[in-house]
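A.B. asks: Please see the structure below; I have some questions.
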Amino acid sequence: MDRIGFIGLGVMGRPMALNLLRAGHPLTVFNRAAERAAPLAEAGASVAVSPRAVAAASRVVFVNVSDDVAVAEVLFGELGVTSALASGGIVVDMGTTSPTATREHAARLADAGIDLLDAPVSGGEAGARAGTLSIMVGGPRDAFERVLPLFQVLGQGIVHVGDSGAGQVAKACNQIVVSATLLGVAEALTFARRQGVDAGRVRAALLGGFAYSRILETHGQRMLERDFAPGFRARLHQKDLGLIGREAQALNLALPATALAAQLMNALVASGHAESDSSALVRVIEALGGPRATGEAPLSAPSCEGEGTEAA
Ligand SMILES: NC(=O)c1ccc[n+]([C@@H]2O[C@H](COP(=O)([O-])OP(=O)(O)OC[C@H]3O[C@@H](n4cnc5c(N)ncnc54)[C@H](OP(=O)(O)O)[C@@H]3O)[C@@H](O)[C@H]2O)c1
């Protein structure tokens with residue numbers, strides 16, 4: 001059995017690492033803010049002092065950090081994974097990063113005899129806890145097959161999409177659909193309220209028909225309850241929309257619905273909601289409609305700082 005490391009114990013990484021540990025895989029972990037590793041230490045993981053120390057103890061290293069810059073730092077920084085992971089090792093990037101950066105990272109790792117699998121996920125914190133994530137994988141087939149038993153601990157819908165970067169392309173497609181749907185749900189529930197109709201009953205009616213979606217179910221409920229504890233932070237959703245926009249521009253490809261969602265997500269973050277769940281997008285739609293006596297909180301009032309359960 002390959003020795004496993006896990007770097008990045010945030011909303012997603014922590015429950016994923018715990019699931020690997022509980023499935024009987026000894027684990028060496030690292031998180032930049034050391035206190036976030038405490039639940040893993042209590043569950044029996046070895047806590048390392050750097051990504052390098054994780055790599056020195058591992059053959060397969062999972063990375064689940066915020067963005068391209070963080071991944072590059074963890075992999076290629078002074079105390080990075082590549083300074084200690086031996087040839088034949090595998091790095092598995094489970095965060096959402098750009099296909100272009102992923103291909104660059106894969107080429108650099110290949111020079112050191114290390115395979116990179118890009119393996120972003122969908123299903124949110126709830127899916128990470130339950131081990132029911134969708135996992136979209138790019139990279140060498142033999143590396144995928146070596147890591148598959150570990151993916152099966154973390155998720156259910158596991159698809160090897162193609163070569164390096166293909167997993168991140170699939171995740172970008174996921175975010176294109178999620179963002180447009182999130183915006184549609186926010187508009188529909190706001191429209192219902194402004195019509196003086198019970199938005200909760202509208203949601204209930206729509207759930208049984210063609211407009212059903214997980215977004216309507218989970219994020220629609222969050223919008224009704226004004227529960228914007230993350231979940232999937234607005235700043236991470238903004239990051240995803242930004243990287244999709246850059247990739248589309250490089251292809252001279254127009255993605256108008258995604259561009260609109262990106263602008264509105266910028267507005268949400270700018271109004272102080274970077275750490276709120278991205279379903280708080282409904283606040284932007286409400287604010288565009290001007291002030292009304294509907295009990296809507298003003299856009300500039302962040303309502304949460306804690307961590308909840310639903311996400312992208
Ligand atoms: N939350 C979701 O529902 C969800 C769903 C699907 C995909 N994702 C993706 O999964 C990834 C992680 O998301 P999350 O929600 O778990 O985010 P999070 O709770 O904000 O955690 C981010 C993690 O990245 C680490 N990190 C950030 N910059 C770093 C750096 N320069 N060097 C080392 N570590 C760094 C953080 O360390 P510190 O603790 O030290 O800050 C933390 O461990 C993101 O790419 C996100 O887009 C999230």
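By convention here, the chains of the structure tokens are called A, B, ... in the order presented, each chain's residues are numbered starting at 1, and ligands are numbered starting at 1 in the order presented.
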Using only C-alpha atoms and all ligand atoms, determine which residues fall within 7 Å of ligand 1, then list them as JSON, numbers by chain.
C.D. replies: {"A": [8, 9, 10, 11, 12, 13, 31, 32, 33, 36, 64, 65, 66, 67, 69, 70, 73, 74, 94, 95, 96, 97, 120, 121, 122, 123, 124, 125, 231, 232, 233, 236, 237, 240, 310, 311, 312]}
A.B. asks: Limited to N, CA and C atoms, could you put the picked residues into a file as a CSV table (one decimal), in the first residue's frame?
C.D. replies:
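Resulting contents of result_9.csv:
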```csv
chain,number,residue,atom,x,y,z
A,8,GLY,N,-3.4,20.6,3.0
A,8,GLY,CA,-4.5,21.5,2.8
A,8,GLY,C,-5.7,21.0,3.5
A,9,LEU,N,-6.0,21.4,4.8
A,9,LEU,CA,-7.0,20.8,5.6
A,9,LEU,C,-8.1,21.9,5.9
A,10,GLY,N,-8.6,22.4,4.8
A,10,GLY,CA,-9.7,23.4,4.9
A,10,GLY,C,-11.1,22.8,4.9
A,11,VAL,N,-12.1,23.5,4.5
A,11,VAL,CA,-13.5,23.0,4.5
A,11,VAL,C,-13.5,21.6,3.8
A,12,MET,N,-12.9,21.5,2.7
A,12,MET,CA,-12.9,20.3,1.9
A,12,MET,C,-11.9,19.3,2.4
A,13,GLY,N,-10.6,19.7,2.5
A,13,GLY,CA,-9.5,18.8,2.8
A,13,GLY,C,-9.6,18.1,4.1
A,31,ASN,N,-1.0,21.5,7.2
A,31,ASN,CA,-1.8,22.7,6.9
A,31,ASN,C,-1.0,23.9,7.3
A,32,ARG,N,-1.0,24.9,6.4
A,32,ARG,CA,-0.2,26.1,6.7
A,32,ARG,C,-0.6,26.7,8.1
A,33,ALA,N,-1.9,26.9,8.4
A,33,ALA,CA,-2.3,27.3,9.7
A,33,ALA,C,-2.3,26.0,10.6
A,36,ARG,N,-5.4,24.0,12.2
A,36,ARG,CA,-6.4,23.3,11.4
A,36,ARG,C,-6.1,21.8,11.3
A,64,ASN,N,-5.0,19.9,-1.5
A,64,ASN,CA,-6.3,20.5,-1.6
A,64,ASN,C,-6.2,21.9,-1.0
A,65,VAL,N,-5.7,22.8,-1.8
A,65,VAL,CA,-5.5,24.2,-1.4
A,65,VAL,C,-6.3,25.1,-2.3
A,66,SER,N,-6.3,26.4,-2.1
A,66,SER,CA,-7.2,27.4,-2.7
A,66,SER,C,-7.2,27.5,-4.2
A,67,ASP,N,-5.9,27.7,-4.7
A,67,ASP,CA,-5.9,28.2,-6.1
A,67,ASP,C,-4.5,27.9,-6.7
A,69,VAL,N,-1.9,29.6,-7.3
A,69,VAL,CA,-0.7,30.2,-6.6
A,69,VAL,C,-0.3,29.3,-5.4
A,70,ALA,N,-1.4,28.9,-4.7
A,70,ALA,CA,-1.2,28.0,-3.5
A,70,ALA,C,-0.6,26.7,-3.9
A,73,GLU,N,3.1,27.0,-4.8
A,73,GLU,CA,3.9,27.2,-3.6
A,73,GLU,C,4.1,25.9,-2.9
A,74,VAL,N,3.0,25.1,-2.8
A,74,VAL,CA,3.1,23.8,-2.0
A,74,VAL,C,4.0,22.8,-2.8
A,94,MET,N,-6.6,18.1,-5.7
A,94,MET,CA,-8.0,17.9,-5.6
A,94,MET,C,-8.8,19.2,-5.5
A,95,GLY,N,-8.0,20.4,-5.5
A,95,GLY,CA,-8.7,21.7,-5.5
A,95,GLY,C,-9.1,22.0,-7.0
A,96,THR,N,-9.7,23.2,-7.1
A,96,THR,CA,-10.2,23.7,-8.4
A,96,THR,C,-9.1,24.7,-8.9
A,97,THR,N,-8.4,24.3,-9.9
A,97,THR,CA,-7.3,25.1,-10.4
A,97,THR,C,-7.5,25.2,-12.0
A,120,PRO,N,-10.3,17.5,-9.4
A,120,PRO,CA,-11.2,18.3,-8.7
A,120,PRO,C,-12.5,17.6,-8.4
A,121,VAL,N,-13.3,18.2,-7.5
A,121,VAL,CA,-14.5,17.5,-7.0
A,121,VAL,C,-15.7,18.4,-7.1
A,122,SER,N,-16.8,17.8,-7.0
A,122,SER,CA,-18.1,18.5,-6.8
A,122,SER,C,-18.9,17.8,-5.8
A,123,GLY,N,-19.7,18.5,-5.0
A,123,GLY,CA,-20.4,17.9,-3.9
A,123,GLY,C,-20.4,18.6,-2.6
A,124,GLY,N,-19.4,19.5,-2.5
A,124,GLY,CA,-19.4,20.4,-1.4
A,124,GLY,C,-18.9,19.7,-0.1
A,125,GLU,N,-19.0,20.5,1.0
A,125,GLU,CA,-18.5,19.9,2.3
A,125,GLU,C,-19.3,18.7,2.7
A,231,GLY,N,-19.8,26.0,3.8
A,231,GLY,CA,-20.0,26.0,2.4
A,231,GLY,C,-18.9,26.4,1.5
A,232,PHE,N,-19.3,26.9,0.3
A,232,PHE,CA,-18.4,27.3,-0.7
A,232,PHE,C,-18.3,28.8,-0.7
A,233,ARG,N,-17.1,29.3,-0.3
A,233,ARG,CA,-17.0,30.7,-0.1
A,233,ARG,C,-17.1,31.5,-1.4
A,236,LEU,N,-14.0,31.9,-3.4
A,236,LEU,CA,-13.5,30.7,-4.2
A,236,LEU,C,-14.4,30.6,-5.5
A,237,HIS,N,-15.7,30.9,-5.4
A,237,HIS,CA,-16.5,30.9,-6.6
A,237,HIS,C,-16.0,31.9,-7.6
A,240,ASP,N,-13.0,30.7,-9.3
A,240,ASP,CA,-13.4,29.7,-10.4
A,240,ASP,C,-13.9,30.4,-11.7
A,310,GLU,N,-23.2,23.2,2.9
A,310,GLU,CA,-23.4,22.9,1.5
A,310,GLU,C,-22.5,23.8,0.6
A,311,ALA,N,-22.3,23.3,-0.6
A,311,ALA,CA,-21.4,24.0,-1.5
A,311,ALA,C,-21.5,23.7,-2.9
A,312,ALA,N,-20.4,23.9,-3.7
A,312,ALA,CA,-20.4,23.8,-5.1
A,312,ALA,C,-20.7,22.3,-5.6
```
A.B. asks: So that I can check the surroundings of range 257-273 of chain A, please list as a list in words every protein, DNA and RNA residue that reaches within 7 Å of it, counting only C-alpha atoms and ignoring chain neighbours fewer than 4 positions away.
C.D. replies: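 Contacts, with the query itself left out: Ile176, Ser179, Ala180, Leu183, Ala234, Arg235, Gln238, Leu241, Gly242, Gly245, Leu281, Val284, Leu299, Ser300 and Pro302 of chain A.
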A.B. asks: With C-alpha atoms retained, could you export that selection as an mmCIF file, in the first residue's frame?
C.D. replies:
```
data_model
loop_
_atom_site.group_PDB
_atom_site.id
_atom_site.type_symbol
_atom_site.label_atom_id
_atom_site.label_comp_id
_atom_site.auth_asym_id
_atom_site.auth_seq_id
_atom_site.Cartn_x
_atom_site.Cartn_y
_atom_site.Cartn_z
ATOM 1 C CA ILE A 176 -20.421 27.010 -15.676
ATOM 2 C CA SER A 179 -23.173 29.451 -11.704
ATOM 3 C CA ALA A 180 -25.889 29.915 -14.298
ATOM 4 C CA LEU A 183 -28.210 32.923 -10.742
ATOM 5 C CA ALA A 234 -17.891 33.489 -2.534
ATOM 6 C CA ARG A 235 -14.189 34.302 -3.034
ATOM 7 C CA GLN A 238 -15.183 34.194 -7.861
ATOM 8 C CA LEU A 241 -15.306 32.141 -12.615
ATOM 9 C CA GLY A 242 -12.140 34.196 -13.103
ATOM 10 C CA GLY A 245 -13.004 33.610 -18.103
ATOM 11 C CA LEU A 281 -25.529 35.964 -4.634
ATOM 12 C CA VAL A 284 -26.910 41.138 -5.236
ATOM 13 C CA LEU A 299 -26.225 44.003 0.578
ATOM 14 C CA SER A 300 -23.420 45.485 2.618
ATOM 15 C CA PRO A 302 -22.245 40.178 5.932
#
```
A.B. asks: When you look at range 168-171 of chain A with a cut-off of 10 Å (counting only C-alpha atoms), what residues show up, excluding the ones that are within fewer than 4 positions of it in the same chain? I need them as a PyMOL selection string.
C.D. replies: chain A and resi 93-103+118-122+134-138+159+161-162+164+175-177+240+244+247
A.B. asks: Go ahead and dump the residues you just picked, C-alpha atoms, as a PDB file, in the first residue's frame.
C.D. replies:
```pdb
ATOM      1  CA  ASP A  93      -4.462  18.017  -6.909  1.00  0.00           C
ATOM      2  CA  MET A  94      -8.045  17.917  -5.635  1.00  0.00           C
ATOM      3  CA  GLY A  95      -8.683  21.661  -5.541  1.00  0.00           C
ATOM      4  CA  THR A  96     -10.156  23.663  -8.396  1.00  0.00           C
ATOM      5  CA  THR A  97      -7.312  25.134 -10.435  1.00  0.00           C
ATOM      6  CA  SER A  98      -6.816  26.178 -14.059  1.00  0.00           C
ATOM      7  CA  PRO A  99      -6.278  23.572 -16.792  1.00  0.00           C
ATOM      8  CA  THR A 100      -3.375  25.644 -18.144  1.00  0.00           C
ATOM      9  CA  ALA A 101      -1.536  25.804 -14.801  1.00  0.00           C
ATOM     10  CA  THR A 102      -2.268  22.109 -14.264  1.00  0.00           C
ATOM     11  CA  ARG A 103      -0.587  21.163 -17.547  1.00  0.00           C
ATOM     12  CA  ASP A 118      -5.798  16.718 -11.441  1.00  0.00           C
ATOM     13  CA  ALA A 119      -8.827  15.485  -9.527  1.00  0.00           C
ATOM     14  CA  PRO A 120     -11.196  18.333  -8.668  1.00  0.00           C
ATOM     15  CA  VAL A 121     -14.468  17.511  -7.004  1.00  0.00           C
ATOM     16  CA  SER A 122     -18.105  18.505  -6.835  1.00  0.00           C
ATOM     17  CA  SER A 134     -17.981  13.473  -7.772  1.00  0.00           C
ATOM     18  CA  ILE A 135     -14.322  13.280  -8.791  1.00  0.00           C
ATOM     19  CA  MET A 136     -13.193  14.359 -12.276  1.00  0.00           C
ATOM     20  CA  VAL A 137      -9.715  13.132 -13.072  1.00  0.00           C
ATOM     21  CA  GLY A 138      -7.100  14.091 -15.625  1.00  0.00           C
ATOM     22  CA  VAL A 159     -14.490   9.548 -13.963  1.00  0.00           C
ATOM     23  CA  VAL A 161     -11.881  12.293 -18.141  1.00  0.00           C
ATOM     24  CA  GLY A 162      -8.623  12.342 -20.105  1.00  0.00           C
ATOM     25  CA  SER A 164      -3.586  16.182 -17.764  1.00  0.00           C
ATOM     26  CA  GLN A 175     -18.975  25.584 -12.451  1.00  0.00           C
ATOM     27  CA  ILE A 176     -20.421  27.010 -15.676  1.00  0.00           C
ATOM     28  CA  VAL A 177     -23.622  25.027 -15.056  1.00  0.00           C
ATOM     29  CA  ASP A 240     -13.369  29.714 -10.409  1.00  0.00           C
ATOM     30  CA  ILE A 244     -12.899  30.086 -16.628  1.00  0.00           C
ATOM     31  CA  GLU A 247      -9.339  30.162 -20.329  1.00  0.00           C
TER      32      GLU A 247
END
```
A.B. asks: Find the residues near range 18-27 of chain A: any atom within 6 Å, counting only C-alpha atoms, skip ones fewer than 3 places away on the same chain, and give them as a PDB file with C-alpha atoms, in the first residue's frame.
C.D. replies:
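That gives us around-v6.pdb:
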```pdb
ATOM      1  CA  ILE A   4      -0.207   8.785   1.735  1.00  0.00           C
ATOM      2  CA  GLY A   5       0.173  12.469   2.502  1.00  0.00           C
ATOM      3  CA  PRO A  15     -13.136  15.741   5.989  1.00  0.00           C
ATOM      4  CA  ALA A  45      -2.529  11.247  11.614  1.00  0.00           C
TER       5      ALA A  45
END
```
A.B. asks: Please measure the separation of CA of Gly131 in chain A and CA of Val61 in chain A, giving the value in Å to one decimal.
C.D. replies: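 About the pair CA of Gly131 in chain A and CA of Val61 in chain A: they are 18.4 Å apart.
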A.B. asks: So which one's closest to Leu148 in chain A, A:Arg226, A:Asp2, A:Pro291, A:Arg201? Using only C-alpha atoms, please.
C.D. replies: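 Result for the nearest residue to Leu148 in chain A: A:Asp2.
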A.B. asks: From a DSSP pass on the backbone, collect the residues of range 68-283 of chain A flagged as strand (DSSP E) and hand them back as a PDB file with N, CA and C atoms, in the first residue's frame.
C.D. replies:
```pdb
ATOM      1  N   ILE A  90       3.259  10.143  -6.827  1.00  0.00           N
ATOM      2  CA  ILE A  90       2.097  10.757  -7.496  1.00  0.00           C
ATOM      3  C   ILE A  90       1.599  11.927  -6.653  1.00  0.00           C
ATOM      4  N   VAL A  91       1.348  13.057  -7.312  1.00  0.00           N
ATOM      5  CA  VAL A  91       0.675  14.183  -6.662  1.00  0.00           C
ATOM      6  C   VAL A  91      -0.753  14.223  -7.186  1.00  0.00           C
ATOM      7  N   VAL A  92      -1.727  14.389  -6.283  1.00  0.00           N
ATOM      8  CA  VAL A  92      -3.141  14.449  -6.663  1.00  0.00           C
ATOM      9  C   VAL A  92      -3.679  15.812  -6.226  1.00  0.00           C
ATOM     10  N   ASP A  93      -3.935  16.680  -7.216  1.00  0.00           N
ATOM     11  CA  ASP A  93      -4.462  18.017  -6.909  1.00  0.00           C
ATOM     12  C   ASP A  93      -5.983  17.959  -6.919  1.00  0.00           C
ATOM     13  N   ASP A 115       4.154  11.727 -11.348  1.00  0.00           N
ATOM     14  CA  ASP A 115       2.895  11.926 -12.082  1.00  0.00           C
ATOM     15  C   ASP A 115       2.006  12.900 -11.320  1.00  0.00           C
ATOM     16  N   LEU A 116       1.278  13.728 -12.078  1.00  0.00           N
ATOM     17  CA  LEU A 116       0.261  14.595 -11.480  1.00  0.00           C
ATOM     18  C   LEU A 116      -1.110  14.141 -11.967  1.00  0.00           C
ATOM     19  N   LEU A 117      -2.025  13.941 -11.031  1.00  0.00           N
ATOM     20  CA  LEU A 117      -3.436  13.755 -11.380  1.00  0.00           C
ATOM     21  C   LEU A 117      -4.170  15.016 -10.948  1.00  0.00           C
ATOM     22  N   ASP A 118      -4.887  15.653 -11.867  1.00  0.00           N
ATOM     23  CA  ASP A 118      -5.798  16.718 -11.441  1.00  0.00           C
ATOM     24  C   ASP A 118      -7.126  16.030 -11.169  1.00  0.00           C
ATOM     25  N   VAL A 121     -13.265  18.199  -7.491  1.00  0.00           N
ATOM     26  CA  VAL A 121     -14.468  17.511  -7.004  1.00  0.00           C
ATOM     27  C   VAL A 121     -15.688  18.414  -7.062  1.00  0.00           C
ATOM     28  N   SER A 122     -16.848  17.792  -7.026  1.00  0.00           N
ATOM     29  CA  SER A 122     -18.105  18.505  -6.835  1.00  0.00           C
ATOM     30  C   SER A 122     -18.901  17.755  -5.774  1.00  0.00           C
ATOM     31  N   LEU A 133     -18.371  12.446  -3.005  1.00  0.00           N
ATOM     32  CA  LEU A 133     -18.004  13.468  -3.990  1.00  0.00           C
ATOM     33  C   LEU A 133     -18.013  12.909  -5.408  1.00  0.00           C
ATOM     34  N   SER A 134     -18.291  13.794  -6.374  1.00  0.00           N
ATOM     35  CA  SER A 134     -17.981  13.473  -7.772  1.00  0.00           C
ATOM     36  C   SER A 134     -16.526  13.875  -7.990  1.00  0.00           C
ATOM     37  N   ILE A 135     -15.748  12.994  -8.594  1.00  0.00           N
ATOM     38  CA  ILE A 135     -14.322  13.280  -8.791  1.00  0.00           C
ATOM     39  C   ILE A 135     -14.011  13.176 -10.280  1.00  0.00           C
ATOM     40  N   MET A 136     -13.460  14.273 -10.826  1.00  0.00           N
ATOM     41  CA  MET A 136     -13.193  14.359 -12.276  1.00  0.00           C
ATOM     42  C   MET A 136     -11.684  14.364 -12.456  1.00  0.00           C
ATOM     43  N   VAL A 137     -11.166  13.334 -13.129  1.00  0.00           N
ATOM     44  CA  VAL A 137      -9.715  13.132 -13.072  1.00  0.00           C
ATOM     45  C   VAL A 137      -9.068  13.291 -14.444  1.00  0.00           C
ATOM     46  N   GLY A 138      -7.950  14.016 -14.442  1.00  0.00           N
ATOM     47  CA  GLY A 138      -7.100  14.091 -15.625  1.00  0.00           C
ATOM     48  C   GLY A 138      -5.717  13.583 -15.272  1.00  0.00           C
ATOM     49  N   GLY A 155     -15.197   9.424  -2.845  1.00  0.00           N
ATOM     50  CA  GLY A 155     -16.335   9.778  -3.694  1.00  0.00           C
ATOM     51  C   GLY A 155     -16.993   8.581  -4.320  1.00  0.00           C
ATOM     52  N   GLN A 156     -18.005   8.892  -5.140  1.00  0.00           N
ATOM     53  CA  GLN A 156     -18.783   7.825  -5.794  1.00  0.00           C
ATOM     54  C   GLN A 156     -18.711   7.922  -7.312  1.00  0.00           C
ATOM     55  N   GLY A 157     -19.019   9.092  -7.842  1.00  0.00           N
ATOM     56  CA  GLY A 157     -18.930   9.254  -9.288  1.00  0.00           C
ATOM     57  C   GLY A 157     -17.503   9.627  -9.647  1.00  0.00           C
ATOM     58  N   ILE A 158     -16.700   8.636 -10.022  1.00  0.00           N
ATOM     59  CA  ILE A 158     -15.281   8.896 -10.300  1.00  0.00           C
ATOM     60  C   ILE A 158     -15.042   8.637 -11.784  1.00  0.00           C
ATOM     61  N   VAL A 159     -14.661   9.694 -12.513  1.00  0.00           N
ATOM     62  CA  VAL A 159     -14.490   9.548 -13.963  1.00  0.00           C
ATOM     63  C   VAL A 159     -13.090   9.981 -14.360  1.00  0.00           C
ATOM     64  N   HIS A 160     -12.376   9.090 -15.061  1.00  0.00           N
ATOM     65  CA  HIS A 160     -11.110   9.499 -15.676  1.00  0.00           C
ATOM     66  C   HIS A 160     -11.464  10.176 -16.986  1.00  0.00           C
ATOM     67  N   VAL A 161     -11.360  11.519 -17.009  1.00  0.00           N
ATOM     68  CA  VAL A 161     -11.881  12.293 -18.141  1.00  0.00           C
ATOM     69  C   VAL A 161     -10.899  12.282 -19.309  1.00  0.00           C
ATOM     70  N   GLY A 162      -9.605  12.305 -19.020  1.00  0.00           N
ATOM     71  CA  GLY A 162      -8.623  12.342 -20.105  1.00  0.00           C
ATOM     72  C   GLY A 162      -7.245  12.710 -19.594  1.00  0.00           C
TER      73      GLY A 162
END
```
A.B. asks: Have a look at A:Ala112, A:Leu206, A:Ala37, A:Val153 and name the one nearest to Leu75 in chain A; count only C-alpha atoms.
C.D. replies: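 Of A:Ala112, A:Leu206, A:Ala37, A:Val153, the one nearest Leu75 in chain A, counting only C-alpha atoms, is A:Ala112.
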A.B. asks: Which residue gives the smallest distance to Gly139 in chain A among A:Ala106, A:Ala188, A:Thr218, A:Val29, with only C-alpha atoms counted?
C.D. replies: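 The shortest atom-to-atom distance to Gly139 in chain A comes from A:Ala106.
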A.B. asks: For Glu104 in chain A, which of A:Pro51, A:Gly290, A:Gly220, A:Gly165 is the closest residue, counting only C-alpha atoms?
C.D. replies: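 Once distances to Glu104 in chain A are computed over only C-alpha atoms, the minimum belongs to A:Gly165.
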A.B. asks: What parts of range 61-93 of chain A does DSSP call alpha helix (DSSP H)? I'd like the answer as a ChimeraX atom specification.
C.D. replies: /A:68-76
A.B. asks: Go through A:Ser58, A:Ser213, A:Thr132, A:Ser83 and flag the residue nearest Gly184 in chain A, using only C-alpha atoms for the distances.
C.D. replies: A:Ser213
A.B. asks: Calculated over only C-alpha atoms, which of the candidates A:Ala280, A:Asp198, A:Ala53, A:Ala48 has the smallest distance to Ala186 in chain A?
C.D. replies: A:Ala280
A.B. asks: Rounded to one decimal, what separation in Å do you get between CA of Ala211 in chain A and CA of Leu253 in chain A?
C.D. replies: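 Going from CA of Ala211 in chain A over to CA of Leu253 in chain A, I get 27.5 Å.
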